[in-house]
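Undergrad: Right, I'll just put the structure down here and ask away after.
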Amino acid sequence: MLSASRREARGTRRNIEGGYRKHPAPSPRAPCPVPAANGFTLLEMIIVMFLLVAVLGIVIPRVNLGEDLASTGRKLIGTVRTLQGIAMATQKPVKLSMNIDQNTYWAVTLEGKEERPLPDASWVTPRSLPESIRFADISAGPVKRESGRIDLMLYPNGRIDPAILHLTDTANNILGIAVESATGAIRTSDERIEPKRLQTIPDRVKTLLTPSTAIAAGGTPGSIRR
C-alpha cells in the first residue's frame, strides 16, 4: 500500500496533467469597516463661533448707528413714490409740503388753484419725523431753505420737481436724498449732495444761438442782411 504522502503526490500530478487545478476554499469575507459619520470637531466649532462673534462685533454697531436715519430715509422715498402713483392715478397734481422747523410733512392734491385732501385718509394730519431725526435743509428746484416751509410738486405724467433733502440725526450723521426730475430716479448718499451746476455757454456759442434778425439789427459782423 502506498503511503499517504505518495498518494497525495500522485493525485496532485493527475490534476495537473488533466488540466485541473485545485483552488483553495474561499475564506469568509471580512466585514467592511463602516465609515464614521461626518461631523465638526471641537476645534472647528470653536473657530466658527469665534468668527461669528467677530463678524457680529463689526456689523452690529454699524447697524445700530444711524438705523433711524436710514429707515426714515427709506420711508420718505416710499412716500414720494406713493404720492407719485396717486398723482398719476388721479391725473391731478400732488403737492408735498415740508416744514423744516417742525420736522413735519403733509400732502394735498390740487384741483385748479384749490387744495383738496388726498383720497388716503392717513394724510389728514401731518406726519412727523422721529425725535432723533430732523431736516437739515431742502432744495426744491432753484429754491433752497434751511428753515420754514418748502413744497415739492408731483405731476400726473409722473414727473417730479428736482429736489435734494438732507436729513441728520443727533450724532450729526447726514443722509442725502436726491430726486431727479427727468428720470424720476431717487438716489441716496451718506454725504451731502450738491446740486448740479449749469455749464456756462461760451460767447461764441451764444452768437450762433442768437436769431439772425436780431444779429442783423445789431449790425454784428457776419450778420445776414436782406
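Naming works like this for the C-alpha cells: A, B, ... for the chains as they're shown, residue 1 at the start of each chain, ligands 1 onward in shown order.
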Could you give me, as an MDAnalysis selection string, the residues within 9 Å of Pro93 of chain A, counting only C-alpha atoms and dropping anything in the same chain fewer than 2 positions from it?
TA: chainID A and resid 84 86:88 90:91 95 108:111 153:156
Undergrad: Which residues come within 10 Å of segment 171-182 of chain A, counting only C-alpha atoms, excluding same-chain residues fewer than 3 positions away, as an MDAnalysis selection string?
TA: chainID A and resid 65:66 69:70 72:74 76:77 80 132:133 135:141 154 158:168 185:195
Undergrad: Take atom CA of Asp120 of chain A and atom CA of Asn103 of chain A and report the distance between them in Å, one decimal.
TA: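 Between atom CA of Asp120 of chain A and atom CA of Asn103 of chain A the gap is 21.3 Å.
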Undergrad: Rounded to one decimal in Å, what is the spacing between atom CA of Arg134 of chain A and atom CA of Ile100 of chain A?
TA: 7.6 Å
Undergrad: What separation in Å, quoted to one decimal, exists between atom CA of Thr170 of chain A and atom CA of Asp68 of chain A?
TA: 10.4 Å
Undergrad: From the list A:Pro142, A:Asn99, A:Arg81, A:Ser71, which residue is nearest Lys196 of chain A when using only C-alpha atoms?
TA: A:Pro142
Undergrad: So that I can see what lies close to Gln102 of chain A, please list as a list in words the residues with an atom at most 12 Å from it, counting only C-alpha atoms and leaving out residues fewer than 3 positions away in the same chain.
TA: Ser97, Met98, Asn99, Tyr105, Trp106, Pro126, Arg127, Ser128, Leu129, Pro130, Glu131, Ile133, Arg134, Phe135, Ala136, Glu146, Ser147, Gly148 and Arg149 of chain A
Undergrad: Please, could you write that set of residues out with N, CA and C atoms as a tab-separated table (two decimals), in the first residue's frame?
TA:
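out19.tsv, freshly written:
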chain	number	residue	atom	x	y	z
A	97	SER	N	-45.65	119.07	1.06
A	97	SER	CA	-45.14	120.22	1.81
A	97	SER	C	-44.34	119.72	3.01
A	98	MET	N	-43.21	120.40	3.27
A	98	MET	CA	-42.35	120.03	4.38
A	98	MET	C	-42.02	121.26	5.21
A	99	ASN	N	-42.21	121.15	6.51
A	99	ASN	CA	-41.89	122.21	7.45
A	99	ASN	C	-40.57	121.85	8.12
A	105	TYR	N	-44.29	116.83	7.61
A	105	TYR	CA	-44.60	116.89	6.18
A	105	TYR	C	-46.02	116.38	5.95
A	106	TRP	N	-46.65	116.88	4.91
A	106	TRP	CA	-48.01	116.50	4.58
A	106	TRP	C	-48.21	116.68	3.08
A	126	PRO	N	-50.70	115.98	9.45
A	126	PRO	CA	-49.28	115.94	9.06
A	126	PRO	C	-48.53	114.80	9.75
A	127	ARG	N	-47.49	114.35	9.09
A	127	ARG	CA	-46.65	113.30	9.63
A	127	ARG	C	-45.36	113.92	10.16
A	128	SER	N	-44.82	113.32	11.21
A	128	SER	CA	-43.62	113.87	11.85
A	128	SER	C	-42.44	112.92	11.70
A	129	LEU	N	-41.25	113.49	11.64
A	129	LEU	CA	-40.03	112.69	11.66
A	129	LEU	C	-39.80	112.16	13.07
A	130	PRO	N	-39.03	111.09	13.23
A	130	PRO	CA	-38.68	110.63	14.59
A	130	PRO	C	-37.98	111.73	15.38
A	131	GLU	N	-38.03	111.63	16.68
A	131	GLU	CA	-37.47	112.69	17.54
A	131	GLU	C	-35.98	112.88	17.30
A	133	ILE	N	-34.39	112.59	14.48
A	133	ILE	CA	-34.12	112.96	13.09
A	133	ILE	C	-34.72	114.33	12.81
A	134	ARG	N	-34.02	115.12	12.00
A	134	ARG	CA	-34.56	116.42	11.61
A	134	ARG	C	-34.10	116.75	10.19
A	135	PHE	N	-34.84	117.67	9.56
A	135	PHE	CA	-34.43	118.19	8.27
A	135	PHE	C	-33.26	119.16	8.46
A	136	ALA	N	-32.19	118.95	7.74
A	136	ALA	CA	-31.07	119.90	7.77
A	136	ALA	C	-31.33	121.03	6.78
A	146	GLU	N	-33.21	126.34	4.74
A	146	GLU	CA	-32.79	125.67	5.96
A	146	GLU	C	-33.79	125.87	7.08
A	147	SER	N	-34.86	126.61	6.80
A	147	SER	CA	-35.93	126.83	7.77
A	147	SER	C	-37.20	127.17	6.99
A	148	GLY	N	-38.30	127.13	7.70
A	148	GLY	CA	-39.57	127.46	7.05
A	148	GLY	C	-40.16	126.28	6.30
A	149	ARG	N	-41.02	126.61	5.35
A	149	ARG	CA	-41.77	125.59	4.59
A	149	ARG	C	-41.32	125.59	3.14
Undergrad: Of the candidates A:Ile47, A:Val143, A:Val124, A:Leu118, which one gets nearest to Thr82 of chain A if we count only C-alpha atoms?
TA: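 With only C-alpha atoms as the atom set, the closest residue is A:Leu118.
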